[in-house]
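Here's the structure, in structure tokens; my notes come after.
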Amino acid sequence: MEGSETIIFDSHCHLDRFPKETKVRELIERAETTGVKYFFVPGVTGFPARIGELAEFPQIITGWGVHPGYTEDFHENCCEEMAIALKASVCRAIGECGLDRRFRVKFEKQLAAFQWQIDLARESGLPLVLHLVGHYDVALKMLKQAGPKLKFVLHSFCGSYEVASQFLELDAYISFSGSIFKKNHDDIDRILNLVPENRLLIETDSPDQKPDFCPGKLNEPINLPEIARRLAAVRGISFEELCSVTLKNCRILFMP
Ligand SMILES: [Zn+2]
């Protein structure tokens with residue numbers, strides 16, 4: 001049973017990207033009934049949308065970033081906005097950013113935007129939130145070049161055991177979403193057990209990536225405890241322990 005004090009941190013959810021009629025407050029209130037009390041909301045095209053609404057909630061941490069699928073006109077929209085974000089301290093991480101082989105945006109564009117954001121994270125000392133689908137070797141090389149001071153998390157990890165090992169050598173944090181449980185993924189238990197306790201994060205990536213076992217039409221942070229429960233079972237630890245470990249890691253990363 002989960003105790004009333006179990007606090008869960010959703011390390012990646014797009015509270016700003018639900019349909020307009022869904023209020024951020026409703027999402028948070030629903031999530032809180034199951035212990036999900038902190039939320040990291042990344043940027044996809046710069047600041048998160050609805051940033052004003054998000055700012056009303058101290059339990060929401062926001063990032064600034066340009067997702068690889070939105071890098072076509074990258075340099076026009078970023079620099080000035082970023083300076084404002086850093087000054088106002090509304091930005092606690094850079095991302096989500098990275099590389100994705102599925103998008104039509106030219107690879108060179110994705111690369112340039114990714115490099116720009118790696119540099120920004122390194123210079124600002126903020127953690128980097130990575131969206132990587134394929135191109136793992138390229139990303140590894142870029143992150144290696146950035147040096148050991150750069151902290152980063154691979155969000156909604158969907159790579160192989162070997163890929164996970166290579167990123168862990170660079171001290172990556174790895175975040176798992178509900179998607180891992182619907183994949184036809186032989187290696188998944190090995191991967192879930194590979195990540196050291198102090199590098200493990202959990203997320204919903206809501207409203208996307210709804211796990212099969214969760215009710216409702218859209219994925220919501222309220223689904224995170226079920227993801228945590230399954231992950232805890234695979235790792236052979238209690239639900240409470242898994243929540244406490246991932247909460248601690250999120251605090252170190254996003255609220256130092
Ligand atoms: Zn995302």
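Letters A, B, ... go to the chains of the structure tokens in the order shown; residues in each chain start at 1; ligands are counted from 1 in the same order.
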**OP:** Mind the document's chain letters and residue numbers, and return as a list in words the residues of stretch 72-256 of chain A that DSSP labels strand (DSSP E).
**Re:** Ile94, Gly95, Glu96, Cys97, Gly98, Leu99, Asp100, Leu128, Val129, Leu130, His131, Leu132, Val133, Phe152, Val153, Leu154, Tyr173, Ile174, Ser175, Phe176, Leu200, Leu201 and Ile202 of chain A
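Identified as lying at most 7 Å from ligand 1 when counting only C-alpha atoms and all ligand atoms are the residues His12, Cys13, His14, Pro42, Glu96 and Asp205 of chain A.
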Once you have the residues from the selection above, write them out as a short mmCIF file (atom, residue, chain, number, x, y, z; two decimals), in the first residue's frame, restricted to N, CA and C atoms.
data_model
loop_
_atom_site.label_atom_id
_atom_site.label_comp_id
_atom_site.auth_asym_id
_atom_site.auth_seq_id
_atom_site.Cartn_x
_atom_site.Cartn_y
_atom_site.Cartn_z
N HIS A 12 8.60 14.65 -16.56
CA HIS A 12 8.40 15.15 -17.92
C HIS A 12 6.93 15.04 -18.27
N CYS A 13 6.23 16.16 -18.23
CA CYS A 13 4.83 16.16 -18.65
C CYS A 13 4.52 17.52 -19.27
N HIS A 14 3.70 17.47 -20.30
CA HIS A 14 3.37 18.70 -21.03
C HIS A 14 2.01 19.22 -20.56
N PRO A 42 8.64 20.72 -19.85
CA PRO A 42 9.68 21.21 -20.77
C PRO A 42 9.09 22.16 -21.80
N GLU A 96 12.80 20.35 -24.00
CA GLU A 96 13.47 19.20 -24.51
C GLU A 96 14.10 19.48 -25.87
N ASP A 205 5.15 11.85 -19.69
CA ASP A 205 5.17 12.48 -21.02
C ASP A 205 3.75 12.82 -21.47
#
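Close contacts of A:Phe167, defined as residues with an atom at most 10 Å away when counting only C-alpha atoms, with chain neighbours fewer than 2 positions off set aside, comprise Tyr136, Asp137, Ala139, Leu140, Leu143, Lys144, Phe152, Val153, Leu154, Glu162, Val163, Ala164, Ser165, Glu169, Leu170, Asp171, Ala172, Tyr173 and Ile174 of chain A.
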**OP:** Check the smallest atom-to-atom distance from each of A:Arg102, A:Arg251, A:Arg190, A:Arg122 to A:Phe39 using only C-alpha atoms, then report the winner.
**Re:**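 The closest residue to A:Phe39 is A:Arg251.
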Subject >> Those in stretch 3-251 of chain A with helix (DSSP H, G or I) from DSSP, as a PyMOL selection string >> reply: chain A and resi 15-17+24-32+51-55+68-70+74-77+79-88+107-124+136-146+161-169+178-181+188-194+197-199+221-235+239-251
Go ahead and write the residues just picked, C-alpha atoms, as a CSV table (one decimal), in the first residue's frame.
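New file again21.csv:
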chain,number,residue,atom,x,y,z
A,15,LEU,CA,0.7,20.3,-18.8
A,16,ASP,CA,0.6,23.1,-21.3
A,17,ARG,CA,-0.3,20.9,-24.3
A,24,VAL,CA,-3.8,23.0,-15.5
A,25,ARG,CA,-5.4,23.2,-12.0
A,26,GLU,CA,-7.7,20.2,-12.7
A,27,LEU,CA,-4.7,18.1,-13.9
A,28,ILE,CA,-2.7,18.9,-10.8
A,29,GLU,CA,-5.6,18.3,-8.5
A,30,ARG,CA,-6.3,14.9,-10.0
A,31,ALA,CA,-2.6,14.0,-9.9
A,32,GLU,CA,-2.3,15.1,-6.3
A,51,ILE,CA,3.4,29.8,-19.2
A,52,GLY,CA,1.4,32.3,-17.3
A,53,GLU,CA,-1.0,29.7,-16.0
A,54,LEU,CA,1.9,27.3,-15.1
A,55,ALA,CA,3.7,30.0,-13.2
A,68,PRO,CA,13.9,18.5,-32.8
A,69,GLY,CA,10.6,18.4,-34.6
A,70,TYR,CA,10.4,22.2,-34.4
A,74,PHE,CA,15.3,27.7,-34.8
A,75,HIS,CA,17.6,30.7,-34.9
A,76,GLU,CA,14.8,33.2,-35.4
A,77,ASN,CA,13.0,32.5,-32.3
A,79,CYS,CA,18.1,34.0,-28.4
A,80,GLU,CA,16.2,36.9,-27.1
A,81,GLU,CA,13.5,34.8,-25.5
A,82,MET,CA,16.2,32.7,-23.8
A,83,ALA,CA,17.8,35.8,-22.2
A,84,ILE,CA,14.5,36.8,-20.7
A,85,ALA,CA,13.8,33.3,-19.4
A,86,LEU,CA,17.2,33.1,-17.6
A,87,LYS,CA,16.8,36.5,-16.1
A,88,ALA,CA,13.3,35.7,-14.8
A,107,PHE,CA,19.3,16.7,-39.9
A,108,GLU,CA,21.6,19.7,-40.1
A,109,LYS,CA,18.9,21.9,-38.6
A,110,GLN,CA,18.3,19.5,-35.8
A,111,LEU,CA,22.0,19.3,-35.2
A,112,ALA,CA,22.5,23.0,-35.0
A,113,ALA,CA,19.6,23.5,-32.6
A,114,PHE,CA,20.8,20.7,-30.5
A,115,GLN,CA,24.4,22.0,-30.3
A,116,TRP,CA,23.1,25.5,-29.5
A,117,GLN,CA,21.1,24.1,-26.6
A,118,ILE,CA,24.0,21.9,-25.3
A,119,ASP,CA,26.2,25.0,-25.2
A,120,LEU,CA,23.5,27.0,-23.4
A,121,ALA,CA,23.1,24.3,-20.8
A,122,ARG,CA,26.8,24.1,-20.2
A,123,GLU,CA,27.2,27.9,-20.0
A,124,SER,CA,24.2,28.4,-17.7
A,136,TYR,CA,22.5,7.9,-30.5
A,137,ASP,CA,26.1,7.8,-31.7
A,138,VAL,CA,26.0,11.4,-32.8
A,139,ALA,CA,24.4,12.5,-29.6
A,140,LEU,CA,26.9,10.6,-27.5
A,141,LYS,CA,29.8,12.3,-29.3
A,142,MET,CA,28.3,15.8,-28.8
A,143,LEU,CA,27.7,15.2,-25.1
A,144,LYS,CA,31.2,13.8,-24.6
A,145,GLN,CA,32.5,17.0,-26.2
A,146,ALA,CA,30.5,19.1,-23.9
A,161,TYR,CA,20.6,-2.0,-23.4
A,162,GLU,CA,23.8,-1.1,-25.1
A,163,VAL,CA,22.7,2.5,-25.8
A,164,ALA,CA,21.7,2.9,-22.1
A,165,SER,CA,25.1,1.6,-21.0
A,166,GLN,CA,26.9,4.1,-23.2
A,167,PHE,CA,24.9,7.0,-21.9
A,168,LEU,CA,25.3,5.9,-18.3
A,169,GLU,CA,29.1,6.0,-18.8
A,178,GLY,CA,4.6,4.2,-19.5
A,179,SER,CA,5.6,3.4,-23.1
A,180,ILE,CA,8.2,0.9,-21.9
A,181,PHE,CA,5.5,-1.5,-20.8
A,188,ILE,CA,13.4,-4.0,-21.0
A,189,ASP,CA,13.8,-5.7,-17.6
A,190,ARG,CA,17.6,-5.6,-18.1
A,191,ILE,CA,17.5,-1.9,-19.0
A,192,LEU,CA,15.2,-1.1,-16.1
A,193,ASN,CA,17.7,-2.8,-13.7
A,194,LEU,CA,20.8,-1.3,-15.3
A,197,GLU,CA,19.4,4.3,-8.3
A,198,ASN,CA,20.8,7.8,-8.3
A,199,ARG,CA,20.2,8.2,-12.0
A,221,PRO,CA,0.2,12.7,-14.5
A,222,ILE,CA,-2.4,10.8,-12.5
A,223,ASN,CA,-1.1,7.7,-14.3
A,224,LEU,CA,2.4,8.0,-12.9
A,225,PRO,CA,1.9,5.8,-9.8
A,226,GLU,CA,1.0,2.9,-11.9
A,227,ILE,CA,4.2,3.3,-14.0
A,228,ALA,CA,6.1,3.6,-10.7
A,229,ARG,CA,4.5,0.5,-9.3
A,230,ARG,CA,5.5,-1.6,-12.4
A,231,LEU,CA,9.0,-0.2,-12.4
A,232,ALA,CA,9.4,-0.9,-8.7
A,233,ALA,CA,8.2,-4.5,-9.3
A,234,VAL,CA,10.8,-5.1,-12.0
A,235,ARG,CA,13.6,-3.7,-9.8
A,239,PHE,CA,6.7,1.4,-4.6
A,240,GLU,CA,7.5,3.9,-1.8
A,241,GLU,CA,11.2,3.4,-2.2
A,242,LEU,CA,11.0,3.9,-6.0
A,243,CYS,CA,9.0,7.1,-5.5
A,244,SER,CA,11.4,8.4,-2.9
A,245,VAL,CA,14.5,7.7,-5.0
A,246,THR,CA,13.1,9.3,-8.1
A,247,LEU,CA,11.9,12.3,-6.2
A,248,LYS,CA,15.3,12.8,-4.7
A,249,ASN,CA,16.9,12.6,-8.2
A,250,CYS,CA,14.5,15.1,-9.6
A,251,ARG,CA,15.2,17.5,-6.8
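Considering the residues A:Asp187, A:Cys158, A:Leu150, A:Pro127 and counting only C-alpha atoms, A:Asp100 has its shortest atom-to-atom contact with A:Cys158.
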Surrounding residues of stretch 45-47 of chain A excluding itself and chain neighbours under 4 positions, 6 Å, only C-alpha atoms, as an mmCIF file with C-alpha atoms, in the first residue's frame:
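For reference, out.cif as written:
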data_model
loop_
_atom_site.group_PDB
_atom_site.id
_atom_site.type_symbol
_atom_site.label_atom_id
_atom_site.label_comp_id
_atom_site.auth_asym_id
_atom_site.auth_seq_id
_atom_site.Cartn_x
_atom_site.Cartn_y
_atom_site.Cartn_z
ATOM 1 C CA TRP A 64 12.984 26.265 -22.146
ATOM 2 C CA GLY A 65 13.763 24.277 -25.244
ATOM 3 C CA VAL A 66 13.186 23.548 -28.881
#
**OP:** Go through A:Gly159, A:Leu218, A:Phe254, A:Lys20 and flag the residue nearest A:Ile60, using only C-alpha atoms for the distances.
**Re:** A:Phe254
**OP:** Compare A:Ile94, A:Ile202, A:Ile252, A:Ile7 by their minimum atom-to-atom distance to A:Ser156, counting only C-alpha atoms, and give me the closest one.
**Re:**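 Residue with the minimum atom-to-atom distance to A:Ser156: A:Ile202.
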Original post:
Mind pulling up the distance from atom CA of A:Pro196 to atom CA of A:Asn219?
Top reply: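 Computing the Euclidean distance for atom CA of A:Asn219 and atom CA of A:Pro196 yields 27.0 Å.
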**OP:** Would you kindly return, as a list in words, each protein, DNA or RNA residue with an atom no farther than 6 Å from any atom of A:Ala93, considering only C-alpha atoms and excluding same-chain residues fewer than 5 positions away?
**Re:**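 Residues meeting the cut-off are Gly63, Leu126, Pro127 and Leu128 of chain A.
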Subject >> Best match for closeness to A:Leu201 among A:Gly134, A:Lys106, A:Phe176, A:Arg50, counting only C-alpha atoms >> reply: A:Phe176
Subject >> Coordinates-based distance that separates atom CA of A:Lys182 from atom CA of A:Ala49 (Å, one decimal) >> reply: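 If I compute the distance from atom CA of A:Ala49 to atom CA of A:Lys182, I get 29.0 Å.
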Subject >> Atomic separation - atom CA of A:Phe9 relative to atom CA of A:Leu253, Å >> reply: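 Result for atom CA of A:Leu253 versus atom CA of A:Phe9: 11.6 Å, one decimal.
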